[in-house]
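**Q** Just one file: input_36.cif, with mmCIF, C-alpha atoms.
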```cif
data_upload
loop_
_atom_site.group_PDB
_atom_site.id
_atom_site.type_symbol
_atom_site.label_atom_id
_atom_site.label_comp_id
_atom_site.auth_asym_id
_atom_site.auth_seq_id
_atom_site.Cartn_x
_atom_site.Cartn_y
_atom_site.Cartn_z
ATOM 1 C CA MET A 189 0.000 0.000 0.000
ATOM 2 C CA SER A 190 2.879 2.364 0.791
ATOM 3 C CA ALA A 191 4.283 1.894 -2.720
ATOM 4 C CA LEU A 192 0.896 2.823 -4.202
ATOM 5 C CA VAL A 193 0.716 5.981 -2.052
ATOM 6 C CA ASP A 194 4.266 6.885 -3.112
ATOM 7 C CA LEU A 195 3.353 6.355 -6.773
ATOM 8 C CA VAL A 196 0.211 8.492 -6.567
ATOM 9 C CA LEU A 197 2.017 11.258 -4.675
ATOM 10 C CA GLY A 198 4.836 11.121 -7.234
ATOM 11 C CA ILE A 199 2.422 11.538 -10.120
ATOM 12 C CA VAL A 200 0.561 14.383 -8.428
ATOM 13 C CA THR A 201 3.841 16.054 -7.475
ATOM 14 C CA SER A 202 5.118 15.811 -11.036
ATOM 15 C CA ILE A 203 1.928 17.422 -12.320
ATOM 16 C CA GLY A 204 2.126 20.083 -9.622
ATOM 17 C CA GLY A 205 5.778 20.683 -10.512
ATOM 18 C CA PHE A 206 4.895 21.636 -14.058
ATOM 19 C CA VAL A 207 1.673 23.431 -13.223
ATOM 20 C CA GLU A 208 2.948 26.100 -10.882
ATOM 21 C CA ALA A 209 1.926 29.685 -10.167
ATOM 22 C CA GLY A 210 3.588 31.108 -13.286
ATOM 23 C CA SER A 211 1.924 28.577 -15.572
ATOM 24 C CA ILE A 212 -1.458 29.120 -13.992
ATOM 25 C CA SER A 213 -1.275 32.915 -14.202
ATOM 26 C CA THR A 214 -0.006 32.799 -17.808
ATOM 27 C CA ALA A 215 -2.786 30.405 -18.824
ATOM 28 C CA ALA A 216 -5.387 32.557 -17.065
ATOM 29 C CA GLU A 217 -4.085 35.664 -18.813
ATOM 30 C CA ALA A 218 -4.059 33.908 -22.198
ATOM 31 C CA GLY A 219 -7.567 32.590 -21.652
ATOM 32 C CA ALA A 220 -8.889 35.988 -20.610
ATOM 33 C CA GLU A 221 -7.367 37.647 -23.659
ATOM 34 C CA PHE A 222 -7.730 34.994 -26.376
ATOM 35 C CA GLY A 223 -10.348 32.569 -25.070
ATOM 36 C CA PHE A 224 -9.718 28.995 -26.217
ATOM 37 C CA GLN A 225 -7.432 30.032 -29.117
ATOM 38 C CA LEU A 226 -4.248 28.909 -27.318
ATOM 39 C CA VAL A 227 -5.385 25.452 -26.177
ATOM 40 C CA TRP A 228 -3.360 24.015 -29.084
ATOM 41 C CA ALA A 229 -0.142 25.303 -27.479
ATOM 42 C CA ILE A 230 -0.939 23.535 -24.196
ATOM 43 C CA ALA A 231 -1.806 20.313 -26.056
ATOM 44 C CA ILE A 232 1.462 20.379 -28.036
ATOM 45 C CA ALA A 233 3.530 21.217 -24.943
ATOM 46 C CA THR A 234 1.903 18.341 -23.039
ATOM 47 C CA LEU A 235 2.641 15.946 -25.892
ATOM 48 C CA MET A 236 6.275 17.103 -26.109
ATOM 49 C CA LEU A 237 6.718 16.814 -22.336
ATOM 50 C CA GLY A 238 5.312 13.284 -22.405
ATOM 51 C CA MET A 239 7.731 12.330 -25.190
ATOM 52 C CA LEU A 240 10.674 13.814 -23.281
ATOM 53 C CA VAL A 241 9.771 11.913 -20.109
ATOM 54 C CA GLU A 242 9.236 8.703 -22.071
ATOM 55 C CA MET A 243 12.614 9.012 -23.823
ATOM 56 C CA SER A 244 14.377 9.810 -20.539
ATOM 57 C CA GLY A 245 12.706 6.828 -18.886
ATOM 58 C CA ARG A 246 13.684 4.549 -21.751
ATOM 59 C CA LEU A 247 17.291 5.764 -21.572
ATOM 60 C CA ALA A 248 17.352 5.187 -17.804
ATOM 61 C CA ALA A 249 15.832 1.699 -18.147
ATOM 62 C CA VAL A 250 18.243 0.562 -20.858
ATOM 63 C CA SER A 251 21.439 2.167 -19.544
ATOM 64 C CA LYS A 252 20.638 1.735 -15.830
ATOM 65 C CA GLN A 253 21.661 5.354 -15.204
ATOM 66 C CA SER A 254 20.039 8.754 -15.119
ATOM 67 C CA MET A 255 20.041 11.204 -18.022
ATOM 68 C CA ALA A 256 22.688 13.332 -16.296
ATOM 69 C CA ALA A 257 24.951 10.309 -15.733
ATOM 70 C CA ALA A 258 24.554 9.247 -19.364
ATOM 71 C CA VAL A 259 25.475 12.737 -20.606
ATOM 72 C CA ARG A 260 28.489 12.816 -18.281
ATOM 73 C CA GLU A 261 29.623 9.367 -19.399
ATOM 74 C CA ARG A 262 29.209 10.097 -23.108
ATOM 75 C CA PHE A 263 30.480 13.695 -23.297
ATOM 76 C CA GLY A 264 32.571 14.143 -20.149
ATOM 77 C CA ILE A 265 32.297 16.342 -17.093
ATOM 78 C CA LYS A 266 33.382 19.519 -18.923
ATOM 79 C CA PHE A 267 30.402 19.287 -21.267
ATOM 80 C CA GLN A 268 28.032 18.487 -18.413
ATOM 81 C CA MET A 269 29.076 21.667 -16.603
ATOM 82 C CA ILE A 270 27.199 23.725 -19.237
ATOM 83 C CA PRO A 271 23.695 22.330 -18.571
ATOM 84 C CA LEU A 272 24.507 21.956 -14.868
ATOM 85 C CA GLY A 273 25.487 25.632 -14.626
ATOM 86 C CA ALA A 274 22.380 26.654 -16.572
ATOM 87 C CA GLU A 275 20.219 24.541 -14.271
ATOM 88 C CA LEU A 276 21.806 26.125 -11.198
ATOM 89 C CA VAL A 277 21.074 29.626 -12.516
ATOM 90 C CA ILE A 278 17.499 28.713 -13.484
ATOM 91 C CA ASP A 279 16.820 26.962 -10.157
ATOM 92 C CA THR A 280 18.139 29.989 -8.259
ATOM 93 C CA MET A 281 15.894 32.306 -10.263
ATOM 94 C CA LEU A 282 12.941 29.962 -9.728
ATOM 95 C CA LEU A 283 13.541 29.843 -5.972
ATOM 96 C CA ALA A 284 13.723 33.646 -5.880
ATOM 97 C CA ALA A 285 10.504 33.888 -7.900
ATOM 98 C CA GLU A 286 8.712 31.388 -5.649
ATOM 99 C CA ILE A 287 9.810 33.209 -2.478
ATOM 100 C CA GLY A 288 8.782 36.507 -4.071
ATOM 101 C CA GLY A 289 5.415 35.043 -5.053
ATOM 102 C CA ALA A 290 4.838 33.773 -1.527
ATOM 103 C CA ALA A 291 5.774 37.223 -0.181
ATOM 104 C CA ILE A 292 3.269 38.871 -2.530
ATOM 105 C CA ALA A 293 0.577 36.387 -1.487
ATOM 106 C CA ILE A 294 1.176 37.177 2.190
ATOM 107 C CA THR A 295 1.100 40.889 1.337
ATOM 108 C CA LEU A 296 -2.341 40.406 -0.187
ATOM 109 C CA LEU A 297 -3.463 38.761 3.063
ATOM 110 C CA THR A 298 -1.853 41.191 5.517
ATOM 111 C CA GLY A 299 -1.274 44.488 3.732
ATOM 112 C CA VAL A 300 2.365 44.511 4.904
ATOM 113 C CA PRO A 301 4.725 45.301 1.952
ATOM 114 C CA TRP A 302 6.182 42.203 0.265
ATOM 115 C CA GLN A 303 9.794 43.262 0.915
ATOM 116 C CA TRP A 304 9.265 42.580 4.626
ATOM 117 C CA TRP A 305 8.277 38.972 3.946
ATOM 118 C CA VAL A 306 11.151 37.798 1.707
ATOM 119 C CA ILE A 307 13.702 37.068 4.451
ATOM 120 C CA PRO A 308 11.216 35.411 6.871
ATOM 121 C CA ILE A 309 9.896 33.164 4.080
ATOM 122 C CA GLY A 310 13.429 32.253 2.972
ATOM 123 C CA ALA A 311 14.340 31.494 6.585
ATOM 124 C CA LEU A 312 11.208 29.365 7.000
ATOM 125 C CA VAL A 313 12.046 27.357 3.874
ATOM 126 C CA TRP A 314 15.618 26.860 5.130
ATOM 127 C CA TRP A 315 14.358 25.832 8.582
ATOM 128 C CA ILE A 316 11.896 23.308 7.151
ATOM 129 C CA LEU A 317 14.619 21.747 4.993
ATOM 130 C CA TRP A 318 17.151 21.743 7.831
ATOM 131 C CA VAL A 319 14.941 20.491 10.676
ATOM 132 C CA CYS A 320 12.342 18.361 8.931
ATOM 133 C CA GLY A 321 14.406 16.922 6.108
ATOM 134 C CA PHE A 322 13.475 16.345 2.505
ATOM 135 C CA GLY A 323 10.840 13.689 3.265
ATOM 136 C CA VAL A 324 8.481 16.250 4.814
ATOM 137 C CA VAL A 325 8.965 18.543 1.837
ATOM 138 C CA GLU A 326 8.420 15.692 -0.615
ATOM 139 C CA TYR A 327 5.211 14.420 0.970
ATOM 140 C CA GLY A 328 3.985 17.889 1.914
ATOM 141 C CA MET A 329 4.395 19.196 -1.624
ATOM 142 C CA GLY A 330 2.825 16.002 -2.932
ATOM 143 C CA LEU A 331 -0.254 16.654 -0.838
ATOM 144 C CA LEU A 332 -0.296 20.312 -1.858
ATOM 145 C CA GLY A 333 -0.018 19.096 -5.453
ATOM 146 C CA LEU A 334 -3.523 17.730 -5.015
ATOM 147 C CA VAL A 335 -4.618 21.371 -5.292
ATOM 148 C CA THR A 336 -3.768 21.016 -8.987
ATOM 149 C CA LEU A 337 -6.682 18.617 -9.300
ATOM 150 C CA SER A 338 -8.987 21.491 -8.337
ATOM 151 C CA PHE A 339 -8.265 23.020 -11.753
ATOM 152 C CA VAL A 340 -9.348 19.839 -13.481
ATOM 153 C CA TYR A 341 -12.505 19.787 -11.352
ATOM 154 C CA SER A 342 -13.179 23.463 -12.118
ATOM 155 C CA ALA A 343 -12.810 22.882 -15.858
ATOM 156 C CA TRP A 344 -15.203 19.945 -15.634
ATOM 157 C CA ARG A 345 -17.752 21.961 -13.617
ATOM 158 C CA LEU A 346 -17.622 24.943 -16.000
ATOM 159 C CA GLN A 347 -18.467 22.630 -18.911
ATOM 160 C CA PRO A 348 -16.858 24.608 -21.745
ATOM 161 C CA PRO A 349 -18.440 24.077 -25.179
ATOM 162 C CA ALA A 350 -16.937 20.948 -26.738
ATOM 163 C CA HIS A 351 -16.960 22.371 -30.272
ATOM 164 C CA ALA A 352 -14.911 25.407 -29.142
ATOM 165 C CA LEU A 353 -12.356 23.144 -27.450
ATOM 166 C CA ARG A 354 -12.058 20.912 -30.521
ATOM 167 C CA ALA A 355 -11.641 23.926 -32.814
ATOM 168 C CA SER A 356 -8.957 25.392 -30.538
ATOM 169 C CA LEU A 357 -6.738 22.314 -30.994
ATOM 170 C CA VAL A 358 -5.899 23.663 -34.459
ATOM 171 C CA PRO A 359 -3.606 26.741 -34.424
ATOM 172 C CA SER A 360 -5.306 29.859 -35.689
ATOM 173 C CA LEU A 361 -4.363 33.492 -36.144
ATOM 174 C CA PRO A 362 -5.603 35.923 -33.519
ATOM 175 C CA GLN A 363 -8.058 38.724 -34.238
ATOM 176 C CA HIS A 364 -5.747 41.239 -32.528
ATOM 177 C CA ASP A 365 -2.224 41.649 -31.101
ATOM 178 C CA TRP A 366 -0.421 38.776 -32.838
ATOM 179 C CA VAL A 367 2.863 39.561 -31.034
ATOM 180 C CA ARG A 368 1.222 39.019 -27.653
ATOM 181 C CA TYR A 369 -0.450 35.878 -29.012
ATOM 182 C CA ALA A 370 2.922 34.522 -30.128
ATOM 183 C CA PHE A 371 4.477 35.353 -26.748
ATOM 184 C CA LEU A 372 1.708 33.624 -24.813
ATOM 185 C CA SER A 373 1.812 30.592 -27.106
ATOM 186 C CA VAL A 374 5.444 29.900 -26.202
ATOM 187 C CA SER A 375 5.018 30.825 -22.536
#
```
Mind turning the file's structure into structure tokens?

**A**
Amino acid sequence: MSALVDLVLGIVTSIGGFVEAGSISTAAEAGAEFGFQLVWAIAIATLMLGMLVEMSGRLAAVSKQSMAAAVRERFGIKFQMIPLGAELVIDTMLLAAEIGGAAIAITLLTGVPWQWWVIPIGALVWWILWVCGFGVVEYGMGLLGLVTLSFVYSAWRLQPPAHALRASLVPSLPQHDWVRYAFLSVS
């Protein structure tokens, strides 16, 4: 039973990892501005993500090593430093954005300027990692990832017109502001 719980939490966490605050706000903005016109971009991105995960899983199953280990073995540590450095920069920016987003959320609740919340939130994250360990973070985020399912439920309850959803799976030109449309389609 524990393995099943771990599997379900892993799946929900992986979905929650890709559907985060930035994705949700970008999708909401795109939907408010262009309606269903950009559903094709989400469908293509989902398909490409599934193919990437499948290929990575196949590589790991056949070679008995992770993608990073396979890259290091094939191209050497000097080559691996390029994507590793890029990942470090991106992860640092993501952490800063997440802490900033949490600070803004608390500002909306309290009225205290967001700058006052950045250090306490960063300290709280550090404390949780230091005292509780990664297991609490893993399972806690997995449970919070269940919030992602509320978006699926909301979409089901709103019952969007099926013909509009089907038509939006084919890319179309916008009626206005094609530059913004292009930006949102790759966001």

**Q** Take the PyMOL selection byres ((chain A and resi 224-227) around 7), run it mentally on this structure, and tell me the resulting residues as a list in words.

**A**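 Matching residues under the PyMOL selection byres ((chain A and resi 224-227) around 7) are Gly219, Phe222, Gly223, Trp228, Ala229, Ile230, Ala231, Ala352, Leu353, Ser356, Leu357, Ser360 and Ser373 of chain A.
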
**Q** Asp365 of chain A: which residues within 12 Å, counting only C-alpha atoms, same-chain residues fewer than 5 positions away excluded, as a list of chain:residue names?

**A** A:Ala218, A:Glu221, A:Phe222, A:Ala370, A:Phe371, A:Leu372

**Q** At what distance in Å, to one decimal, does atom CA of Leu272 of chain A lie from atom CA of Val306 of chain A?

**A**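 Going from atom CA of Val306 of chain A over to atom CA of Leu272 of chain A, I get 26.5 Å.
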
**Q** Enter the distance from atom CA of Trp344 of chain A to atom CA of Ile212 of chain A, in Å, rounded to one decimal.

**A**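 Answer for the atom CA of Trp344 of chain A to atom CA of Ile212 of chain A separation: 16.6 Å.
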
**Q** Would you compute an axis-aligned box for segment 277-285 of chain A, covering every atom listed for it in the file with 6 Å of margin on each side, and report centre and edge lengths in Å to one decimal as AutoDock Vina command-line options?

**A**
```
--center_x 15.8 --center_y 30.4 --center_z -9.7 --size_x 22.6 --size_y 18.9 --size_z 19.6
```

**Q** What gap, in Å, lies between atom CA of Leu192 of chain A and atom CA of Ala248 of chain A?

**A** 21.5 Å

**Q** N, CA, C and O atoms are what I want for segment 248-270 of chain A; can you complete it accordingly and write them as a PDB file, keeping the file's coordinate frame?

**A**
```pdb
ATOM      1  N   ALA A 248      17.008   5.640 -19.155  1.00  0.00           N
ATOM      2  CA  ALA A 248      17.352   5.187 -17.804  1.00  0.00           C
ATOM      3  C   ALA A 248      17.153   3.678 -17.661  1.00  0.00           C
ATOM      4  O   ALA A 248      17.974   2.996 -17.031  1.00  0.00           O
ATOM      5  N   ALA A 249      16.098   3.134 -18.259  1.00  0.00           N
ATOM      6  CA  ALA A 249      15.832   1.699 -18.147  1.00  0.00           C
ATOM      7  C   ALA A 249      16.876   0.873 -18.884  1.00  0.00           C
ATOM      8  O   ALA A 249      17.323  -0.161 -18.383  1.00  0.00           O
ATOM      9  N   VAL A 250      17.289   1.327 -20.050  1.00  0.00           N
ATOM     10  CA  VAL A 250      18.243   0.562 -20.858  1.00  0.00           C
ATOM     11  C   VAL A 250      19.662   0.703 -20.318  1.00  0.00           C
ATOM     12  O   VAL A 250      20.398  -0.277 -20.199  1.00  0.00           O
ATOM     13  N   SER A 251      20.054   1.937 -19.964  1.00  0.00           N
ATOM     14  CA  SER A 251      21.439   2.167 -19.544  1.00  0.00           C
ATOM     15  C   SER A 251      21.653   1.989 -18.051  1.00  0.00           C
ATOM     16  O   SER A 251      22.796   2.003 -17.584  1.00  0.00           O
ATOM     17  N   LYS A 252      20.570   1.870 -17.291  1.00  0.00           N
ATOM     18  CA  LYS A 252      20.638   1.735 -15.830  1.00  0.00           C
ATOM     19  C   LYS A 252      21.312   2.947 -15.174  1.00  0.00           C
ATOM     20  O   LYS A 252      21.978   2.826 -14.154  1.00  0.00           O
ATOM     21  N   GLN A 253      21.140   4.116 -15.789  1.00  0.00           N
ATOM     22  CA  GLN A 253      21.661   5.354 -15.204  1.00  0.00           C
ATOM     23  C   GLN A 253      20.761   6.521 -15.603  1.00  0.00           C
ATOM     24  O   GLN A 253      20.000   6.426 -16.554  1.00  0.00           O
ATOM     25  N   SER A 254      20.881   7.590 -14.849  1.00  0.00           N
ATOM     26  CA  SER A 254      20.039   8.754 -15.119  1.00  0.00           C
ATOM     27  C   SER A 254      20.501   9.470 -16.385  1.00  0.00           C
ATOM     28  O   SER A 254      21.577   9.196 -16.922  1.00  0.00           O
ATOM     29  N   MET A 255      19.695  10.414 -16.839  1.00  0.00           N
ATOM     30  CA  MET A 255      20.041  11.204 -18.022  1.00  0.00           C
ATOM     31  C   MET A 255      21.343  11.962 -17.786  1.00  0.00           C
ATOM     32  O   MET A 255      22.215  12.002 -18.654  1.00  0.00           O
ATOM     33  N   ALA A 256      21.478  12.571 -16.601  1.00  0.00           N
ATOM     34  CA  ALA A 256      22.688  13.332 -16.296  1.00  0.00           C
ATOM     35  C   ALA A 256      23.925  12.433 -16.308  1.00  0.00           C
ATOM     36  O   ALA A 256      24.976  12.806 -16.838  1.00  0.00           O
ATOM     37  N   ALA A 257      23.813  11.238 -15.743  1.00  0.00           N
ATOM     38  CA  ALA A 257      24.951  10.309 -15.733  1.00  0.00           C
ATOM     39  C   ALA A 257      25.300   9.858 -17.145  1.00  0.00           C
ATOM     40  O   ALA A 257      26.485   9.717 -17.490  1.00  0.00           O
ATOM     41  N   ALA A 258      24.301   9.651 -17.980  1.00  0.00           N
ATOM     42  CA  ALA A 258      24.554   9.247 -19.364  1.00  0.00           C
ATOM     43  C   ALA A 258      25.246  10.359 -20.148  1.00  0.00           C
ATOM     44  O   ALA A 258      26.179  10.101 -20.918  1.00  0.00           O
ATOM     45  N   VAL A 259      24.823  11.595 -19.942  1.00  0.00           N
ATOM     46  CA  VAL A 259      25.475  12.737 -20.606  1.00  0.00           C
ATOM     47  C   VAL A 259      26.919  12.857 -20.135  1.00  0.00           C
ATOM     48  O   VAL A 259      27.836  13.053 -20.932  1.00  0.00           O
ATOM     49  N   ARG A 260      27.141  12.718 -18.825  1.00  0.00           N
ATOM     50  CA  ARG A 260      28.489  12.816 -18.281  1.00  0.00           C
ATOM     51  C   ARG A 260      29.386  11.706 -18.821  1.00  0.00           C
ATOM     52  O   ARG A 260      30.532  11.938 -19.188  1.00  0.00           O
ATOM     53  N   GLU A 261      28.833  10.496 -18.901  1.00  0.00           N
ATOM     54  CA  GLU A 261      29.623   9.367 -19.399  1.00  0.00           C
ATOM     55  C   GLU A 261      29.966   9.534 -20.877  1.00  0.00           C
ATOM     56  O   GLU A 261      31.078   9.256 -21.308  1.00  0.00           O
ATOM     57  N   ARG A 262      29.010   9.990 -21.656  1.00  0.00           N
ATOM     58  CA  ARG A 262      29.209  10.097 -23.108  1.00  0.00           C
ATOM     59  C   ARG A 262      30.058  11.299 -23.499  1.00  0.00           C
ATOM     60  O   ARG A 262      30.920  11.211 -24.356  1.00  0.00           O
ATOM     61  N   PHE A 263      29.820  12.468 -22.861  1.00  0.00           N
ATOM     62  CA  PHE A 263      30.480  13.695 -23.297  1.00  0.00           C
ATOM     63  C   PHE A 263      31.519  14.232 -22.321  1.00  0.00           C
ATOM     64  O   PHE A 263      32.235  15.166 -22.650  1.00  0.00           O
ATOM     65  N   GLY A 264      31.581  13.690 -21.123  1.00  0.00           N
ATOM     66  CA  GLY A 264      32.571  14.143 -20.149  1.00  0.00           C
ATOM     67  C   GLY A 264      32.015  15.212 -19.219  1.00  0.00           C
ATOM     68  O   GLY A 264      30.995  15.839 -19.485  1.00  0.00           O
ATOM     69  N   ILE A 265      32.743  15.418 -18.133  1.00  0.00           N
ATOM     70  CA  ILE A 265      32.297  16.342 -17.093  1.00  0.00           C
ATOM     71  C   ILE A 265      32.347  17.785 -17.571  1.00  0.00           C
ATOM     72  O   ILE A 265      31.513  18.603 -17.179  1.00  0.00           O
ATOM     73  N   LYS A 266      33.297  18.130 -18.446  1.00  0.00           N
ATOM     74  CA  LYS A 266      33.382  19.519 -18.923  1.00  0.00           C
ATOM     75  C   LYS A 266      32.130  19.903 -19.696  1.00  0.00           C
ATOM     76  O   LYS A 266      31.619  21.006 -19.544  1.00  0.00           O
ATOM     77  N   PHE A 267      31.624  18.989 -20.519  1.00  0.00           N
ATOM     78  CA  PHE A 267      30.402  19.287 -21.267  1.00  0.00           C
ATOM     79  C   PHE A 267      29.201  19.365 -20.328  1.00  0.00           C
ATOM     80  O   PHE A 267      28.327  20.207 -20.510  1.00  0.00           O
ATOM     81  N   GLN A 268      29.173  18.505 -19.329  1.00  0.00           N
ATOM     82  CA  GLN A 268      28.032  18.487 -18.413  1.00  0.00           C
ATOM     83  C   GLN A 268      27.970  19.753 -17.566  1.00  0.00           C
ATOM     84  O   GLN A 268      26.903  20.106 -17.078  1.00  0.00           O
ATOM     85  N   MET A 269      29.081  20.442 -17.399  1.00  0.00           N
ATOM     86  CA  MET A 269      29.076  21.667 -16.603  1.00  0.00           C
ATOM     87  C   MET A 269      28.197  22.752 -17.236  1.00  0.00           C
ATOM     88  O   MET A 269      27.660  23.597 -16.531  1.00  0.00           O
ATOM     89  N   ILE A 270      28.031  22.711 -18.556  1.00  0.00           N
ATOM     90  CA  ILE A 270      27.199  23.725 -19.237  1.00  0.00           C
ATOM     91  C   ILE A 270      25.736  23.581 -18.820  1.00  0.00           C
ATOM     92  O   ILE A 270      25.151  24.538 -18.289  1.00  0.00           O
TER      93      ILE A 270
END
```
